[in-house]
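What follows is a short report on a single structure.
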Amino acid sequence: MTESHEAVDLKEFRREVRAFIRANLPDEIRDKVRRGCALKKEEYRRWERILAAQGWLVPHWPKEWGGLGWNSDQKMVLDEEKCINDCPELVNFPYEMVGPMLMRYGSEGQKHHYLPRIANVEDWWCQGYSEPNSGSDLASLQTRAELHGDHYVVNGSKIWTSHAQYANRMFALVRTSTEGKQQEGITFLFIDMTAPGVSLRPIIGIHGWHMFNQIFFDNVKVPVEDRIGNENQGWTIAKSVLESERLNLARVAENHRRLRRLKWIASQVREGGQPLLERDWFRNRLGELEVRLMALEASVARFRQQVKVGGRLGAETGRLKLRGSQLIQDFENLTVDAVGPQSLAFDPEAHHGPAEDELTPWYAATASSRRFVSRGYTIAGGSSEVQHISLAKQVLGL
Amino acid sequence: MSTVSTNALLNDDQKMLVEGAERYAKSVYSAAARSASMAEPEGFSRQRWAEFADMGWLGLGLPEDLGGVYGAQEVAILLDAIGGALVVEPFLDNVVLCGPLLAAHGSAEQRALVSSMIAGKTQFAFAAAEARSRYDLYDVATSVERTPQGLVLTGEKHLVACGDSADYLLVLARDKAMPAANARDGLSLLLVPRQTPGVSTRGYRTYDGRRCADVVFDKVSLPASAMVGTAGAAWPVVEAACDRMHVALAAEAAGVMQTVLDMTTEYARTRKQFGRPIVANQVYQHRLVDMYVHVEEARSLALHAAAMLDEDEAARARWASGAKAYVSAAGRKVGEEGVQLHGAIGMTEEYAAGGLYKRLAAIANQYGDAEWHYRRIRDLADAQAVGEMDEANS
């Protein structure tokens, strides 16, 4: 990445991080990630525990809560190195969102209960935001929570919930009031996924994997001490947590990982007697994507500089989400085009790891599935259309 | 609007530079003034040039001992700020290309001419490209012969900016005594007074309002002192100079693109059709957002690439090419969108949107188009990338 231009101590730090990852990431996990396979719950957990033992699961948290108090430069280096060195893409809500949110809005009791559990990898968290009738218009959500004495009774449904089949905890936005503006009647709750009345319907993605779920709540009791912040403060809390995540939405490291993988594949695949990497059509298309990645990198560098001189980031960072997600998709499509007609072969076995009798070369087996998954990047977390609307309104003042 | 985010990063000196440039563009370098510049026989205004010198612009990024100030970052910032004015004076050729090259590699005599350029008294033109070269500037047939009496230069150069008005031509030529296996070897740079016998020029306009010339060197006799730097070793020097040019063109393009965006936004707010401003239609809003994204990415790349100019050669070249590739494609696109969203008025000679578009179109086909730079980036990365991946896969 921008390695050669970093301060010397950060360069040294990057070397240390890289050495640690190479020495400690289990080979079978690295291999599955490189192949683009689906990981099992135990595999995620194993890597999280390795990181936790080193203090690198939540190094950006303050020391009093089990962190190392790292600055944003150090955290960025770690995230980049994890990504380009084929570490699992963790479900990082607990470390990046739930934890920081608890530190800011949680009660003392909540902090002491949940923060150590997160830092020690004891729960699996899923996100309960989207609903069947609330996609991009999240504030219209209708899952209802009614206060009955010392607990809420929750009824309704959440959808597109990734990895919910592994989860024992959900952080959820629920409706506690229908008065006034939609945004003002939303409350933040932690819901026990093992509680009576919670049920789950798996949703298979277009790529053939069990990726999403729909969750149903039928009179689920949630103790009032699992409410974060005040009643009807949920929207404010959710928004403030999102703000700290803005620069990651560029997905610079994730795009670098795809670039690297693609270059390697193109050095293996041959066309007209040449490696694809030497074919003009491929070089042109790859070059175009590389330049777009550089534009993202330079943009993030500029925003980071802005933060360092005391500036605040606002809606203008929406362009990072817009372009970062498009680029992911274009890398995935070029990867499929590099694989060529072999990409049509569908081998569900290969999605789970090296198989005995593989239908296609390993890099071909998951290319199409990964490409289909990537269509979600411009839909989730504020679709590209919503980004356009918000940039038009808030940045261009239209 | 979006310039606010840039301003947050500027130091006080840079802010003064930007504000001065914006003031100058508004009060002096108007559309009428630009037309007057273009109508001059030389294709630009000597008066404007003297004002550039007075404002210190001609010394930007040049060594202090020659009268220069600041660095590459300031050159980019100025070009971004002034881009929308579509300045036709040969700023880039002198301050970005020839000036720094001669300051770094020229003899004492040649460096003194750079001082004179900074003061506004001397102008250079960069005579490298030939009709055959397209974007590969090393692909030249112009030759230089070293004889006991001095140098003899023969050949034809194409599209030399201000080639029929500059005092000196900086010529790239192949050394006859150095047959080269690699086309990049055996090249020399010569600084030739335009008035030297045997030099003839044919001037013409480019569609973006600039003046260029084809230049013929017919067995031109020159003293040995005309050589710039080491004979036969000019290519790396030219490449570094071109990278400065790539970044400068990217910065200028960012400024032009910003102006297109501002104008088009303003037009869409005021122009009414079907009983309401056209900007009320979401399709206009979203296309303006796409233009905005291109503007900001171009600006981010230009500033980043400017910071990389002093880094090692590989990083310098990669970012310079990235920035130029980006504006070649996205700049032209923004210019086209400006015309399209204006409608028929955008097609007229008198309305500014057309001039901005033409400048962006011209930039797209100068000093490497998008595809040329994509290939250069790939060439730079090839060996390195496969090596890295082998290591990662071992």
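Letters for chains follow the order of the structure tokens (A, B, ...), residue numbers begin at 1 for each chain, and ligand numbers begin at 1 in the order shown.
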
Please, which residues of chain B lie no more than 9 Å from chain A when the count uses only C-alpha atoms, and can they be set out as a compact mmCIF listing (two decimals) with N, CA and C atoms, in the first residue's frame?
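Contents of selection_36.txt, as written:
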```txt
# COMPACT_ATOMS: atom_id res chain seq x y z
N MET B 1 -17.83 24.99 -2.74
CA MET B 1 -18.39 23.83 -2.03
C MET B 1 -17.32 22.84 -1.65
N SER B 2 -16.85 22.04 -2.61
CA SER B 2 -15.93 20.98 -2.24
C SER B 2 -14.51 21.50 -2.02
N SER B 5 -12.90 21.33 1.57
CA SER B 5 -12.14 20.21 2.13
C SER B 5 -10.67 20.32 1.76
N THR B 6 -10.37 20.89 0.62
CA THR B 6 -8.97 21.11 0.26
C THR B 6 -8.39 22.18 1.17
N ALA B 8 -8.94 22.98 4.11
CA ALA B 8 -8.61 22.55 5.47
C ALA B 8 -7.17 22.05 5.55
N LEU B 9 -6.62 21.61 4.41
CA LEU B 9 -5.28 21.04 4.43
C LEU B 9 -4.20 22.03 4.03
N THR B 265 -23.85 22.78 -12.15
CA THR B 265 -24.76 22.77 -11.01
C THR B 265 -25.59 24.06 -11.00
N ARG B 269 -29.71 24.53 -11.63
CA ARG B 269 -30.58 25.16 -10.62
C ARG B 269 -31.47 26.24 -11.24
N VAL B 279 -32.69 20.67 -12.19
CA VAL B 279 -31.99 19.96 -11.11
C VAL B 279 -32.97 19.25 -10.18
N ALA B 280 -34.26 19.59 -10.27
CA ALA B 280 -35.24 18.89 -9.44
C ALA B 280 -35.38 17.43 -9.88
N GLN B 282 -34.10 13.79 -10.41
CA GLN B 282 -33.05 13.05 -9.74
C GLN B 282 -31.94 12.61 -10.70
N GLN B 285 -29.38 15.20 -10.57
CA GLN B 285 -28.66 15.20 -9.29
C GLN B 285 -27.63 14.10 -9.25
N HIS B 286 -28.02 12.92 -9.72
CA HIS B 286 -27.10 11.79 -9.62
C HIS B 286 -25.93 11.94 -10.58
N ARG B 287 -26.20 12.52 -11.72
CA ARG B 287 -25.08 12.72 -12.65
C ARG B 287 -24.14 13.82 -12.15
N LEU B 288 -24.69 14.81 -11.46
CA LEU B 288 -23.82 15.81 -10.84
C LEU B 288 -22.97 15.18 -9.73
N VAL B 289 -23.57 14.24 -8.99
CA VAL B 289 -22.82 13.55 -7.95
C VAL B 289 -21.67 12.75 -8.58
N ASP B 290 -21.94 12.07 -9.69
CA ASP B 290 -20.87 11.32 -10.34
C ASP B 290 -19.74 12.25 -10.80
N TYR B 292 -19.01 15.09 -9.35
CA TYR B 292 -18.35 15.50 -8.11
C TYR B 292 -17.33 14.45 -7.65
N VAL B 293 -17.74 13.18 -7.70
CA VAL B 293 -16.84 12.11 -7.28
C VAL B 293 -15.58 12.12 -8.15
N GLU B 296 -13.27 15.08 -7.12
CA GLU B 296 -12.56 14.89 -5.86
C GLU B 296 -11.51 13.78 -5.97
N GLU B 297 -11.81 12.75 -6.74
CA GLU B 297 -10.80 11.70 -6.92
C GLU B 297 -9.62 12.24 -7.71
N ALA B 298 -9.90 13.04 -8.72
CA ALA B 298 -8.82 13.64 -9.52
C ALA B 298 -7.95 14.52 -8.63
N ARG B 299 -8.60 15.33 -7.80
CA ARG B 299 -7.85 16.23 -6.92
C ARG B 299 -7.03 15.44 -5.91
N SER B 300 -7.63 14.42 -5.32
CA SER B 300 -6.91 13.60 -4.34
C SER B 300 -5.67 12.97 -4.99
N LEU B 301 -5.85 12.45 -6.19
CA LEU B 301 -4.74 11.81 -6.89
C LEU B 301 -3.65 12.81 -7.25
N ALA B 302 -4.06 13.98 -7.73
CA ALA B 302 -3.06 14.98 -8.13
C ALA B 302 -2.22 15.41 -6.93
N LEU B 303 -2.88 15.65 -5.80
CA LEU B 303 -2.14 16.09 -4.61
C LEU B 303 -1.24 14.97 -4.09
N HIS B 304 -1.77 13.75 -4.09
CA HIS B 304 -0.97 12.63 -3.62
C HIS B 304 0.23 12.40 -4.54
N ALA B 305 -0.02 12.45 -5.83
CA ALA B 305 1.06 12.23 -6.80
C ALA B 305 2.11 13.34 -6.70
N MET B 308 4.43 12.51 -4.08
CA MET B 308 5.26 11.35 -4.43
C MET B 308 6.38 11.71 -5.41
N GLU B 311 9.73 11.05 -4.13
CA GLU B 311 10.00 9.70 -3.63
C GLU B 311 10.86 8.94 -4.64
N ASP B 312 11.08 7.65 -4.35
CA ASP B 312 11.88 6.86 -5.27
C ASP B 312 11.18 6.77 -6.63
N ALA B 315 7.80 4.75 -7.19
CA ALA B 315 6.61 5.36 -6.59
C ALA B 315 6.23 6.62 -7.35
N TRP B 319 2.51 6.83 -9.32
CA TRP B 319 1.46 7.79 -8.93
C TRP B 319 1.24 8.85 -9.99
N SER B 321 1.59 8.45 -13.19
CA SER B 321 0.81 7.81 -14.24
C SER B 321 -0.63 7.57 -13.79
N GLY B 322 -0.79 7.19 -12.52
CA GLY B 322 -2.14 6.98 -12.00
C GLY B 322 -2.97 8.25 -12.10
N ALA B 323 -2.37 9.37 -11.70
CA ALA B 323 -3.09 10.64 -11.73
C ALA B 323 -3.44 11.03 -13.16
N ALA B 325 -3.59 9.07 -15.88
CA ALA B 325 -4.55 8.12 -16.47
C ALA B 325 -5.95 8.47 -16.01
N TYR B 326 -6.06 8.79 -14.73
CA TYR B 326 -7.38 9.07 -14.18
C TYR B 326 -8.02 10.28 -14.85
N ALA B 370 -5.20 7.48 -21.35
CA ALA B 370 -5.48 6.57 -20.22
C ALA B 370 -4.83 5.21 -20.44
N GLU B 371 -5.03 4.64 -21.63
CA GLU B 371 -4.52 3.29 -21.88
C GLU B 371 -2.99 3.25 -21.83
N TRP B 372 -2.37 4.30 -22.36
CA TRP B 372 -0.91 4.35 -22.33
C TRP B 372 -0.41 4.31 -20.89
N HIS B 373 -1.08 5.05 -20.00
CA HIS B 373 -0.66 5.07 -18.59
C HIS B 373 -1.02 3.77 -17.87
N TYR B 374 -2.15 3.16 -18.23
CA TYR B 374 -2.46 1.84 -17.63
C TYR B 374 -1.33 0.88 -17.94
N ARG B 375 -0.89 0.89 -19.18
CA ARG B 375 0.18 -0.03 -19.57
C ARG B 375 1.47 0.29 -18.82
N ARG B 376 1.74 1.59 -18.65
CA ARG B 376 2.97 1.96 -17.94
C ARG B 376 2.92 1.46 -16.50
N ILE B 377 1.76 1.62 -15.88
CA ILE B 377 1.61 1.15 -14.50
C ILE B 377 1.82 -0.36 -14.42
N ARG B 378 1.26 -1.08 -15.39
CA ARG B 378 1.44 -2.53 -15.44
C ARG B 378 2.92 -2.88 -15.66
N ASP B 382 4.85 -5.23 -13.02
CA ASP B 382 4.88 -6.64 -13.41
C ASP B 382 5.81 -7.52 -12.60
N ALA B 385 5.06 -7.59 -8.87
CA ALA B 385 3.81 -8.21 -8.42
C ALA B 385 3.90 -9.73 -8.39
N VAL B 386 4.43 -10.31 -9.44
CA VAL B 386 4.50 -11.77 -9.48
C VAL B 386 5.42 -12.26 -8.38
N GLU B 388 5.99 -10.85 -5.49
CA GLU B 388 5.26 -10.73 -4.23
C GLU B 388 4.32 -11.90 -4.01
N MET B 389 3.59 -12.22 -5.10
CA MET B 389 2.57 -13.25 -4.99
C MET B 389 3.23 -14.61 -4.79
N ASP B 390 4.36 -14.82 -5.46
CA ASP B 390 5.08 -16.07 -5.26
C ASP B 390 5.45 -16.23 -3.80
N ALA B 392 3.95 -14.80 -1.28
CA ALA B 392 2.74 -15.00 -0.49
C ALA B 392 2.22 -16.43 -0.64
```

- Which residues, written as a ChimeraX atom specification, have at least one atom at most 8 Å from region 257-262 of chain B, with only C-alpha atoms counted and residues fewer than 6 positions away on the same chain left out? /B:84,288,291-292,295,331,334-335,338,353,356-357,360

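Residues with any atom within 12 Å of Thr178 (chain A), counting only C-alpha atoms and excluding same-chain neighbours fewer than 2 positions away, are Ala139, Ser140, Leu141, Gln142, Thr143, Arg144, Ala145, Glu146, Val174, Arg175, Thr176, Gly180, Lys181, Gln182, Gln183, Glu184, Gly185, Ile186, Thr187 and Asn232 of chain A.
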
- Message: If we count only C-alpha atoms and set the cut-off at 9 Å, which residues sit around Gly229 (chain B), ignoring sequence neighbours fewer than 5 positions away in its own chain? Please answer as a ChimeraX atom specification.
- Response: /B:102,104-107,188-190,234,237

- Looking only at strand (DSSP E or B) from DSSP on the backbone, list the matching residues of region 14-263 of chain A as a PyMOL selection string. chain A and resi 125-128+131+134+144-148+151-159+169-175+186-192+198-204+210-223+227-228

- Quick one: everything within 9 Å of region 90-98 of chain B, counting only C-alpha atoms, minus sequence neighbours fewer than 5 positions away in the same chain. Send it as a ChimeraX atom specification. /B:44,49,52,57-62,72,75,103,114,117-118,123-126,161-162,170,210,238,241-242,244-245,248-249

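Residues within 8 Å of Gly155 (chain B), counting only C-alpha atoms and excluding same-chain residues fewer than 3 positions away, are Ala141, Thr142, Ser143, Val216, Phe217 and Asp218 of chain B.
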
- Write out as a PyMOL selection string the residues lying within 8 Å of Ser374 (chain A), counting only C-alpha atoms and excluding same-chain residues fewer than 6 positions away. chain A and resi 328-329+332

Could you write those residues out with C-alpha atoms, as an mmCIF file, in the first residue's frame?
```cif
data_model
loop_
_atom_site.group_PDB
_atom_site.id
_atom_site.type_symbol
_atom_site.label_atom_id
_atom_site.label_comp_id
_atom_site.auth_asym_id
_atom_site.auth_seq_id
_atom_site.Cartn_x
_atom_site.Cartn_y
_atom_site.Cartn_z
ATOM 1 C CA ILE A 328 -14.857 -4.617 -5.370
ATOM 2 C CA GLN A 329 -17.461 -5.715 -7.909
ATOM 3 C CA GLU A 332 -14.607 -9.747 -8.947
#
```

- What separates CA of Leu169 (chain B) and CA of Val228 (chain B) is a distance of 11.7 Å

- Task: Going by DSSP on the backbone, which bits of region 237-372 of chain B are helix (DSSP H, G or I)? Write them as JSON, numbers by chain, please.
- Result: {"B": [237, 238, 239, 240, 241, 242, 243, 244, 245, 246, 247, 248, 249, 250, 251, 252, 253, 254, 255, 256, 257, 258, 259, 260, 261, 262, 263, 264, 265, 266, 267, 268, 269, 270, 278, 279, 280, 282, 283, 284, 285, 286, 287, 288, 289, 290, 291, 292, 293, 294, 295, 296, 297, 298, 299, 300, 301, 302, 303, 304, 305, 306, 307, 308, 313, 314, 315, 316, 317, 318, 319, 320, 321, 322, 323, 324, 325, 326, 327, 328, 329, 330, 331, 332, 333, 334, 335, 336, 337, 338, 339, 340, 341, 342, 343, 344, 345, 346, 347, 352, 353, 354, 355, 356, 357, 358, 359, 360, 361, 362, 363, 364, 370, 371, 372]}
